[in-house]
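Here is structure-v8.txt, consisting of compact mmCIF, C-alpha atoms and all ligand atoms:
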```
# COMPACT_ATOMS: atom_id res chain seq x y z
CA MET A 278 0.00 0.00 0.00
CA VAL A 279 1.29 3.47 -0.86
CA THR A 280 0.96 5.51 2.27
CA LEU A 281 0.42 9.23 2.40
CA LEU A 282 3.72 9.46 4.20
CA ALA A 283 5.49 7.85 1.28
CA LYS A 284 3.52 9.63 -1.39
CA TYR A 285 3.24 13.21 -0.19
CA VAL A 286 5.58 13.81 2.75
CA ASN A 287 9.28 13.23 2.30
CA SER A 288 10.76 13.96 5.72
CA GLU A 289 14.22 12.83 4.71
CA ARG A 290 14.50 15.58 2.11
CA GLY A 291 12.03 18.01 3.64
CA LEU A 292 9.67 17.99 0.66
CA ILE A 293 5.89 18.24 0.80
CA ASP A 294 3.60 17.61 -2.16
CA ARG A 295 1.19 20.55 -2.50
CA THR A 296 -1.68 18.10 -3.10
CA ILE A 297 -2.27 17.91 0.64
CA PHE A 298 -3.29 21.58 0.68
CA TYR A 299 -6.11 21.43 -1.87
CA ASP A 300 -7.27 17.86 -2.47
CA LYS A 301 -10.88 17.36 -1.34
CA ASP A 302 -10.51 13.66 -0.55
CA ILE A 303 -7.46 14.30 1.59
CA TYR A 304 -9.38 17.03 3.36
CA GLN A 305 -12.26 14.64 4.12
CA GLN A 306 -9.72 12.15 5.43
CA GLU A 307 -8.27 14.88 7.66
CA LEU A 308 -11.69 15.54 9.17
CA GLU A 309 -11.99 11.84 10.03
CA GLN A 310 -8.44 10.87 10.90
CA ILE A 311 -7.02 14.07 12.36
CA PHE A 312 -9.92 16.14 13.69
CA GLY A 313 -11.99 13.06 14.54
CA ARG A 314 -9.23 11.48 16.62
CA CYS A 315 -6.74 14.00 18.01
CA TRP A 316 -7.02 16.07 21.17
CA LEU A 317 -8.22 19.56 20.20
CA LEU A 318 -8.31 22.70 22.30
CA VAL A 319 -11.98 23.49 23.07
CA GLY A 320 -11.64 26.26 25.60
CA HIS A 321 -10.45 27.33 29.00
CA GLU A 322 -11.95 26.58 32.39
CA SER A 323 -12.32 30.33 32.95
CA GLN A 324 -15.03 30.35 30.27
CA VAL A 325 -17.32 28.06 32.26
CA PRO A 326 -16.63 28.91 35.93
CA ASN A 327 -20.09 28.09 37.33
CA PRO A 328 -22.44 25.11 37.23
CA ASN A 329 -24.61 25.16 34.08
CA ASP A 330 -22.27 27.56 32.27
CA PHE A 331 -21.82 26.75 28.60
CA PHE A 332 -19.68 27.94 25.76
CA ALA A 333 -20.04 27.21 22.02
CA TYR A 334 -16.94 26.30 20.02
CA TYR A 335 -15.76 23.98 17.23
CA MET A 336 -13.83 20.78 16.84
CA GLY A 337 -12.79 20.74 13.19
CA GLU A 338 -15.99 21.58 11.29
CA ASP A 339 -18.27 20.34 14.05
CA PRO A 340 -20.01 22.79 16.38
CA ILE A 341 -19.62 21.77 19.99
CA LEU A 342 -20.77 22.90 23.40
CA LEU A 343 -18.43 23.00 26.34
CA THR A 344 -20.56 22.77 29.49
CA LYS A 345 -20.11 22.55 33.22
CA ASP A 346 -23.00 20.44 34.47
CA SER A 347 -25.02 21.13 37.59
CA LYS A 348 -22.55 19.06 39.64
CA GLY A 349 -19.52 20.92 38.29
CA LYS A 350 -18.24 18.33 35.79
CA LEU A 351 -16.96 19.49 32.39
CA HIS A 352 -18.42 18.02 29.21
CA THR A 353 -17.91 18.52 25.50
CA PHE A 354 -20.94 17.75 23.35
CA LEU A 355 -21.70 17.82 19.67
CA ASN A 356 -24.07 20.76 19.31
CA MET A 357 -26.62 18.57 17.55
CA CYS A 358 -30.06 17.44 18.52
CA ARG A 359 -30.31 13.67 18.39
CA HIS A 360 -33.73 13.89 16.68
CA ARG A 361 -33.14 15.53 13.28
CA GLY A 362 -29.84 17.24 13.94
CA ASN A 363 -30.82 20.83 14.61
CA ARG A 364 -28.36 22.76 16.79
CA ILE A 365 -29.57 22.63 20.36
CA CYS A 366 -27.89 25.90 21.28
CA ARG A 367 -27.53 29.03 19.13
CA ALA A 368 -26.01 31.28 21.77
CA ASP A 369 -22.25 31.82 22.01
CA ALA A 370 -22.06 31.41 25.77
CA GLY A 371 -24.20 31.73 28.89
CA ASN A 372 -25.76 29.88 31.78
CA ALA A 373 -28.73 27.56 31.38
CA PRO A 374 -29.85 24.35 33.12
CA SER A 375 -31.00 22.84 29.83
CA PHE A 376 -31.09 23.31 26.07
CA MET A 377 -34.38 23.01 24.20
CA CYS A 378 -34.15 22.25 20.51
CA THR A 379 -36.07 24.86 18.56
CA TYR A 380 -37.34 22.33 15.98
CA HIS A 381 -39.56 19.89 17.94
CA GLY A 382 -38.56 20.71 21.47
CA TRP A 383 -36.37 17.85 22.64
CA THR A 384 -34.58 19.12 25.72
CA PHE A 385 -31.15 18.18 27.02
CA ALA A 386 -29.55 18.86 30.40
CA THR A 387 -26.02 20.28 30.76
CA ASP A 388 -24.80 16.72 31.45
CA GLY A 389 -26.14 15.73 28.02
CA LYS A 390 -29.11 13.67 29.15
CA LEU A 391 -32.34 13.87 27.15
CA ILE A 392 -34.75 15.12 29.78
CA GLY A 393 -37.69 16.36 27.76
CA VAL A 394 -39.56 15.00 24.73
CA PRO A 395 -42.80 16.70 23.71
CA GLY A 396 -45.46 14.04 23.05
CA TYR A 397 -43.51 11.39 24.96
CA LYS A 398 -46.77 9.87 26.27
CA GLU A 399 -49.26 10.75 23.59
CA ALA A 400 -47.16 10.32 20.45
CA TYR A 401 -44.29 8.01 21.43
CA PHE A 402 -46.54 5.94 23.74
CA GLU A 403 -43.66 6.01 26.23
CA GLU A 404 -41.74 3.66 23.95
CA LEU A 405 -38.81 5.97 23.26
CA ASP A 406 -35.81 4.93 25.35
CA ARG A 407 -34.60 8.42 26.27
CA SER A 408 -31.39 7.08 27.78
CA GLN A 409 -30.21 6.12 24.27
CA TRP A 410 -30.58 9.61 22.87
CA ALA A 411 -28.31 11.73 25.03
CA LEU A 412 -26.07 14.29 23.33
CA VAL A 413 -23.03 12.87 21.55
CA GLU A 414 -20.13 13.42 23.92
CA ALA A 415 -16.39 13.77 23.35
CA ARG A 416 -13.78 12.82 25.95
CA THR A 417 -12.82 15.94 27.89
CA GLU A 418 -9.61 16.51 29.88
CA THR A 419 -7.81 19.60 31.12
CA TYR A 420 -4.24 20.77 31.44
CA LYS A 421 -3.67 23.72 33.81
CA GLY A 422 -6.85 25.52 32.82
CA LEU A 423 -6.93 24.61 29.15
CA VAL A 424 -9.71 22.24 28.11
CA PHE A 425 -9.17 19.70 25.37
CA ALA A 426 -11.49 17.12 23.84
CA THR A 427 -11.29 14.16 21.47
CA TRP A 428 -13.98 12.11 19.78
CA ASP A 429 -11.84 9.00 19.92
CA GLN A 430 -12.24 6.78 22.97
CA LYS A 431 -8.97 5.03 22.08
CA ALA A 432 -6.90 8.21 22.05
CA PRO A 433 -4.13 8.31 24.68
CA LYS A 434 -4.62 10.38 27.82
CA LEU A 435 -4.22 14.12 27.21
CA ILE A 436 -1.10 14.32 29.35
CA ASP A 437 0.55 11.61 27.23
CA TYR A 438 -0.63 13.26 24.02
CA LEU A 439 1.00 16.52 25.11
CA GLY A 440 4.17 14.66 26.09
CA ASP A 441 7.16 16.91 26.80
CA PHE A 442 5.33 19.86 25.26
CA ALA A 443 3.55 20.24 28.62
CA TRP A 444 6.87 21.17 30.25
CA TYR A 445 7.13 24.13 27.88
CA MET A 446 3.43 24.99 28.17
CA ASP A 447 3.95 25.63 31.86
CA THR A 448 5.93 28.77 31.02
CA LEU A 449 2.67 30.20 29.75
CA LEU A 450 0.18 28.50 32.09
CA ASP A 451 1.90 28.15 35.42
CA ARG A 452 3.87 31.30 36.20
CA ARG A 453 1.49 32.29 38.94
CA SER A 454 -0.56 30.41 41.50
CA GLY A 455 -3.86 31.65 40.05
CA GLY A 456 -3.10 30.21 36.63
CA THR A 457 -4.44 31.88 33.52
CA GLU A 458 -7.65 33.06 31.94
CA LEU A 459 -8.86 34.13 28.53
CA LEU A 460 -9.68 37.81 28.20
CA GLY A 461 -13.11 38.74 26.90
CA GLY A 462 -14.36 37.18 23.68
CA ALA A 463 -12.58 35.77 20.67
CA HIS A 464 -11.40 37.49 17.56
CA LYS A 465 -12.98 35.40 14.78
CA TRP A 466 -12.32 35.63 11.09
CA THR A 467 -12.25 33.47 7.99
CA MET A 468 -9.51 33.29 5.39
CA ASN A 469 -9.09 31.47 2.08
CA MET A 470 -6.23 29.36 3.34
CA ASN A 471 -5.51 25.77 4.25
CA TRP A 472 -5.43 25.33 8.04
CA LYS A 473 -2.01 23.65 7.94
CA PHE A 474 -0.25 26.82 6.78
CA GLY A 475 -1.26 28.57 10.00
CA ALA A 476 -0.35 25.62 12.20
CA ASP A 477 3.06 25.08 10.60
CA ASN A 478 3.95 28.77 10.75
CA PHE A 479 3.30 28.98 14.48
CA SER A 480 4.91 25.61 15.20
CA GLY A 481 8.27 27.06 14.24
CA ASP A 482 8.92 29.59 11.51
CA GLY A 483 11.49 31.97 12.91
CA TYR A 484 12.67 32.36 9.32
CA HIS A 485 9.75 34.51 8.20
CA THR A 486 9.71 37.02 11.03
CA ILE A 487 12.41 39.37 9.82
CA ILE A 488 11.05 39.50 6.28
CA THR A 489 7.28 39.15 6.64
CA HIS A 490 7.25 41.29 9.77
CA GLY A 491 10.12 43.52 8.70
CA SER A 492 8.05 46.67 9.15
CA THR A 493 7.71 45.96 12.88
CA ARG A 494 11.31 47.06 13.31
CA TYR A 495 10.40 50.57 12.21
CA ILE A 496 7.69 50.96 14.81
CA GLY A 497 9.69 49.55 17.70
CA GLN A 498 7.91 46.19 17.95
CA ASN A 499 10.97 44.18 17.05
CA SER A 500 14.54 45.16 17.72
CA ALA A 501 16.24 42.33 15.85
CA SER A 502 18.18 43.27 12.77
CA PRO A 503 17.96 40.98 9.74
CA THR A 504 21.62 40.10 10.05
CA SER A 505 21.53 39.16 13.71
CA VAL A 506 18.60 36.85 13.18
CA ILE A 507 19.88 35.29 10.00
CA ASN A 508 23.14 34.61 11.75
CA SER A 509 21.06 32.46 14.01
CA ASP A 510 20.20 34.32 17.14
CA LYS A 511 21.28 31.83 19.77
CA GLU A 512 19.07 33.52 22.31
CA ARG A 513 16.23 31.74 20.64
CA VAL A 514 15.77 28.19 19.51
CA HIS A 515 13.18 25.95 17.97
CA VAL A 516 12.26 22.86 19.93
CA THR A 517 10.79 19.89 18.14
CA LEU A 518 8.69 17.90 20.58
CA SER A 519 7.40 14.38 20.26
CA ASN A 520 3.86 13.71 18.98
CA GLY A 521 4.02 16.46 16.35
CA HIS A 522 4.16 19.53 18.59
CA GLY A 523 6.54 22.45 18.04
CA TRP A 524 7.74 25.30 20.24
CA ASN A 525 9.84 28.44 19.76
CA GLY A 526 11.55 30.03 22.69
CA GLY A 527 14.54 31.51 24.37
CA PHE A 528 16.22 28.99 26.62
CA ARG A 529 19.85 29.69 27.35
CA GLY A 530 20.30 28.53 30.90
CA ASP A 531 23.18 30.90 31.55
CA ARG A 532 21.41 34.23 31.84
CA SER A 533 21.72 36.26 34.99
CA GLU A 534 18.94 38.69 34.34
CA ILE A 535 15.35 38.53 33.27
CA PRO A 536 15.25 38.64 29.50
CA PRO A 537 13.36 41.61 28.08
CA GLY A 538 10.89 39.47 26.19
CA GLN A 539 8.75 40.55 23.32
CA VAL A 540 6.21 42.38 25.45
CA ALA A 541 8.08 43.52 28.52
CA GLY A 542 10.58 45.55 26.56
CA ALA A 543 7.82 47.48 24.89
CA ASP A 544 5.98 48.81 27.90
CA ALA A 545 7.20 49.99 31.30
CA VAL A 546 4.08 48.78 33.13
CA LEU A 547 4.40 45.31 31.68
CA LYS A 548 8.08 45.19 32.39
CA GLN A 549 7.42 46.11 36.00
CA TYR A 550 4.72 43.44 36.22
CA TYR A 551 7.10 40.76 35.00
CA MET A 552 9.84 41.97 37.33
CA ASP A 553 7.45 41.95 40.29
CA THR A 554 6.16 38.46 39.57
CA TYR A 555 9.50 36.96 38.64
CA PRO A 556 10.24 35.56 42.13
CA GLU A 557 6.93 33.71 42.09
CA ALA A 558 7.57 32.35 38.60
CA LEU A 559 11.06 31.34 39.69
CA ARG A 560 9.66 29.35 42.61
CA ARG A 561 7.06 27.66 40.46
CA LEU A 562 9.02 26.98 37.30
CA GLY A 563 12.70 27.05 38.17
CA SER A 564 15.18 29.45 36.61
CA LEU A 565 15.22 28.07 33.09
CA ARG A 566 11.55 28.36 32.49
CA ALA A 567 10.92 31.41 34.64
CA GLN A 568 13.38 33.37 32.53
CA ASN A 569 11.40 32.54 29.49
CA PHE A 570 8.32 34.49 30.43
CA SER A 571 7.89 35.62 26.87
CA PHE A 572 6.17 32.56 25.50
CA LEU A 573 6.81 32.46 21.80
CA PRO A 574 4.76 30.73 19.13
CA ALA A 575 3.96 27.08 19.54
CA ASN A 576 1.56 24.58 18.07
CA ILE A 577 -0.03 21.51 19.60
CA PHE A 578 -0.72 19.11 16.79
CA PRO A 579 -2.89 19.53 14.86
CA ASN A 580 -4.36 23.03 15.08
CA SER A 581 -4.09 24.50 18.59
CA THR A 582 -1.73 27.46 18.49
CA PHE A 583 -0.31 29.51 21.34
CA ALA A 584 1.75 32.67 21.66
CA THR A 585 0.34 35.68 23.42
CA MET A 586 -2.90 34.07 22.35
CA ALA A 587 -4.63 30.71 22.42
CA ARG A 588 -6.28 29.93 19.11
CA ASN A 589 -7.53 27.28 16.74
CA TRP A 590 -7.28 27.09 12.98
CA HIS A 591 -10.71 25.53 12.38
CA PRO A 592 -10.84 23.89 8.95
CA ARG A 593 -13.70 24.94 6.70
CA GLY A 594 -12.67 23.14 3.53
CA PRO A 595 -9.26 22.61 1.94
CA GLU A 596 -9.09 26.28 1.02
CA LYS A 597 -10.85 27.91 3.93
CA THR A 598 -10.04 28.35 7.63
CA GLU A 599 -11.95 30.02 10.43
CA ILE A 600 -9.69 31.39 13.13
CA TRP A 601 -10.78 31.87 16.74
CA SER A 602 -8.19 33.67 18.80
CA TYR A 603 -8.10 34.69 22.48
CA ARG A 604 -5.66 36.67 24.57
CA ILE A 605 -4.41 34.47 27.40
CA VAL A 606 -3.18 36.19 30.58
CA ASP A 607 -2.19 35.47 34.17
CA LYS A 608 -5.46 35.51 36.08
CA GLU A 609 -3.95 37.42 38.98
CA ALA A 610 -2.46 40.16 36.82
CA PRO A 611 -3.73 43.67 37.68
CA GLU A 612 -6.49 45.06 35.48
CA GLU A 613 -4.09 47.69 34.18
CA VAL A 614 -1.79 44.95 32.87
CA LYS A 615 -4.66 42.96 31.38
CA LYS A 616 -5.87 46.02 29.56
CA ILE A 617 -2.45 46.65 28.03
CA LEU A 618 -2.19 43.02 26.98
CA ARG A 619 -5.66 43.09 25.43
CA VAL A 620 -4.92 46.21 23.42
CA GLN A 621 -1.54 44.84 22.42
CA GLN A 622 -3.21 41.67 21.17
CA THR A 623 -5.68 43.64 19.08
CA HIS A 624 -2.90 45.75 17.58
CA GLY A 625 -0.77 42.73 16.72
CA PHE A 626 -2.61 39.42 16.49
CA SER A 627 -6.17 40.10 15.39
CA PRO A 628 -7.82 40.48 11.97
CA SER A 629 -6.88 44.16 12.06
CA GLY A 630 -3.52 43.54 13.71
CA ASN A 631 -0.37 44.48 11.87
CA VAL A 632 1.47 41.20 12.48
CA GLU A 633 -1.56 39.09 11.70
CA GLN A 634 -2.12 40.84 8.38
CA ASP A 635 1.52 40.34 7.45
CA ASP A 636 1.08 36.60 7.97
CA GLY A 637 -2.37 36.21 6.51
CA ASN A 638 -1.53 37.19 2.99
CA ASN A 639 1.31 34.67 2.87
CA PHE A 640 -1.07 31.89 3.88
CA LEU A 641 -3.55 32.89 1.16
CA GLN A 642 -0.88 32.92 -1.53
CA CYS A 643 0.58 29.58 -0.49
CA THR A 644 -2.90 28.04 -0.60
CA ALA A 645 -3.51 29.54 -4.05
CA ALA A 646 -0.21 28.07 -5.25
CA ALA A 647 -1.31 24.62 -4.12
CA LYS A 648 -4.48 25.01 -6.18
CA SER A 649 -2.66 26.08 -9.32
CA PRO A 650 -2.37 23.26 -11.88
CA ILE A 651 1.16 24.37 -12.63
CA GLY A 652 2.24 25.36 -9.13
CA ARG A 653 1.14 22.13 -7.54
CA LYS A 654 3.50 20.09 -9.69
CA TYR A 655 6.34 21.51 -7.62
CA PRO A 656 6.83 20.53 -3.98
CA ILE A 657 7.16 22.73 -0.94
CA VAL A 658 10.69 22.66 0.43
CA GLN A 659 11.33 22.44 4.17
CA SER A 660 14.91 21.26 4.24
CA MET A 661 16.49 24.08 6.23
CA GLY A 662 18.74 22.82 9.02
CA LEU A 663 18.07 19.18 8.20
CA GLY A 664 20.49 17.07 10.23
CA HIS A 665 21.62 20.02 12.38
CA GLU A 666 19.28 19.43 15.32
CA TRP A 667 20.77 18.60 18.69
CA LYS A 668 19.85 17.34 22.14
CA SER A 669 20.40 19.43 25.25
CA GLU A 670 21.03 18.45 28.84
CA LEU A 671 18.97 21.45 29.89
CA VAL A 672 15.66 20.96 28.18
CA PRO A 673 13.57 18.20 26.61
CA GLY A 674 13.01 17.81 22.89
CA LEU A 675 15.17 18.20 19.83
CA ILE A 676 16.76 21.65 19.61
CA SER A 677 17.56 23.55 16.45
CA ASN A 678 18.36 27.07 15.36
CA ASN A 679 15.63 29.66 15.50
CA ILE A 680 15.97 29.87 11.73
CA GLY A 681 15.16 26.37 10.58
CA GLU A 682 12.38 24.04 9.51
CA ALA A 683 12.72 21.11 11.88
CA ASN A 684 9.34 21.73 13.49
CA GLN A 685 7.57 21.79 10.15
CA ARG A 686 9.20 18.51 9.11
CA SER A 687 8.08 16.96 12.37
CA MET A 688 4.53 18.31 12.07
CA TYR A 689 4.00 16.95 8.56
CA ALA A 690 5.56 13.60 9.41
CA ARG A 691 3.07 13.34 12.25
CA TRP A 692 0.26 14.42 9.95
CA ALA A 693 1.11 11.62 7.53
CA GLU A 694 1.51 9.06 10.30
CA ILE A 695 -1.93 9.81 11.73
CA MET A 696 -3.55 10.05 8.30
CA ASP A 697 -2.22 6.59 7.42
CA ALA A 698 -2.95 4.84 10.72
CA PRO A 699 -6.20 2.87 10.95
CA SER A 700 -6.45 3.55 14.70
CA TRP A 701 -4.56 4.85 17.73
CA ASP A 702 -3.13 1.33 18.18
CA GLN A 703 -0.85 2.07 15.23
CA ILE A 704 0.13 5.61 16.24
CA LYS A 705 3.31 6.11 18.23
CA ILE A 706 2.94 8.15 21.42
CA GLU A 707 5.85 9.41 23.47
CA PRO A 708 4.62 10.34 26.95
CA ARG A 709 6.26 13.06 28.98
CA THR A 710 9.81 12.20 29.97
CA TRP A 711 11.05 15.37 31.58
CA ALA A 712 11.18 15.44 35.35
CA LYS A 713 13.84 18.09 35.96
CA GLU A 714 12.74 21.42 37.42
S1 LIG B 801 -34.61 18.23 15.54
FE1 LIG B 801 -34.51 18.63 17.62
S2 LIG B 801 -36.42 18.11 18.38
FE2 LIG B 801 -36.54 17.60 16.31
FE FE B 802 4.26 35.71 11.50
```

Output the structure of this file as structure tokens.
Ligand code: FES
Ligand SMILES: [Fe+2]
Amino acid sequence: MVTLLAKYVNSERGLIDRTIFYDKDIYQQELEQIFGRCWLLVGHESQVPNPNDFFAYYMGEDPILLTKDSKGKLHTFLNMCRHRGNRICRADAGNAPSFMCTYHGWTFATDGKLIGVPGYKEAYFEELDRSQWALVEARTETYKGLVFATWDQKAPKLIDYLGDFAWYMDTLLDRRSGGTELLGGAHKWTMNMNWKFGADNFSGDGYHTIITHGSTRYIGQNSASPTSVINSDKERVHVTLSNGHGWNGGFRGDRSEIPPGQVAGADAVLKQYYMDTYPEALRRLGSLRAQNFSFLPANIFPNSTFATMARNWHPRGPEKTEIWSYRIVDKEAPEEVKKILRVQQTHGFSPSGNVEQDDGNNFLQCTAAAKSPIGRKYPIVQSMGLGHEWKSELVPGLISNNIGEANQRSMYARWAEIMDAPSWDQIKIEPRTWAKE
């Protein structure tokens, strides 16, 4: 059998066939094999703090409801009435003890149970077994405030799925005892792009920042000069993690001062906040991770992206993606700090943000190239730094220069592996190994 791995993804040479960015059959297979089986970010516990709170989101193309039931347990349900399939909830978020379908009135509790059927006696003659028709439920697990779900009962535990990535995630999620929260609502927008271009960019594309975001240097958002970054800024590295995840960051291990970070350097109030909270972060994370308070882009396979934001690239077809993006902050940060971070997010990473717009057009053009009958005959090349990755005593994962494509190679190899595998029994999982710090 010719596998997708063999046919479209050549990890040894770093070549990707553009077919995987436009082919409709491959896209349908992605919905089943990737989005139907992997752990996907579905929200944050701060969005459903009270019993009977709910929040509407997506897993792939499927609308879902994240609920906290009346006893305080989290659930993720397909937002679909079991009768004909109408959505049982049209609101974005709120608090309600039950959801009544607006078609024929079937009513479901926040734990998913079917608790009301109009005509149950008179029309169904009490012969409908209501226990069979509860909402379709995904497995739900959390990691330090973030909520993830999977449709696949055979998927590994979330903590094993995250593997060593969780150690890096803590630099974003666990600096302070109160954890994190998402600020306000999401920025949502749709673009004519394949979802993988967004995921691979945030998993590790230090290469593009000085060119795509070159203008940020002129407005003081980025102090790096093209030469210093091209010469491989050793302050930053890419880390390729097991299970298809990628992280970008600034581990050095020999720094004596708090690094300025991408946000702290830009604003005196923020800088002071990070200075003030550094001792707490140091206690919680240890020096290596506490120093890296500026969490740089990362992607949890397949489509959950983090930086100053938490977001998903929701697929809407091979050539369309709907992005939902939230600012994530320390819950205990002062309101003044949260406000600055919210505004900063809107200025940078939102549909009107300068950095986001820089990126977006690239993703559109790359998707268009994959659709072109001529363009798609020629593969994407991701060979930069191939064979120049290294292991470190200091941190888990495979390290490589900040300018390199190791994380993309890893992400697409994982994509092919999961696309080819009939079930989770055939998919390799490397649980968390890192116990230091
Ligand atoms: S579709 Fe929901 S009650 Fe009929
Ligand atoms: Fe970018």

Nearby polymer residues, ligand FE 802 (chain B), at most 9 Å, all atoms listed in the file, as a ChimeraX atom specification: /A:478-479,482-483,485-486,489-490,632-637

Option closest in space to ligand LIG 801 (chain B), from A:Thr644, A:Asn525, A:Thr384, A:Asn471 [counting only C-alpha atoms and all ligand atoms]: A:Thr384

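Of the listed residues A:Asn356, A:Gln306, A:Thr582, A:Asn287, the one whose atoms come nearest to Met446 of chain A is A:Thr582, with distances taken using only C-alpha atoms.
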
All residues having an atom within 9 Å of ligand LIG 801 (chain B) (all atoms listed in the file) as a ChimeraX atom specification: /A:357-365,377-384,394-395

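Separating atom CA of Tyr551 of chain A from atom CA of Arg566 of chain A is a distance of 13.4 Å.
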
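Of the residues under consideration (A:Met468, A:Leu675, A:Ala443, A:Met696), A:Met696 shows the shortest atom-to-atom contact distance to Cys315 of chain A when counting only C-alpha atoms.
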
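The residue set within 8 Å of Val424 of chain A, counting all atoms listed in the file and dropping same-chain residues fewer than 3 places from it, reads Leu318, Val319, Gly320, His321, Glu322, Thr417, Glu418, Thr419 and Tyr420 of chain A.
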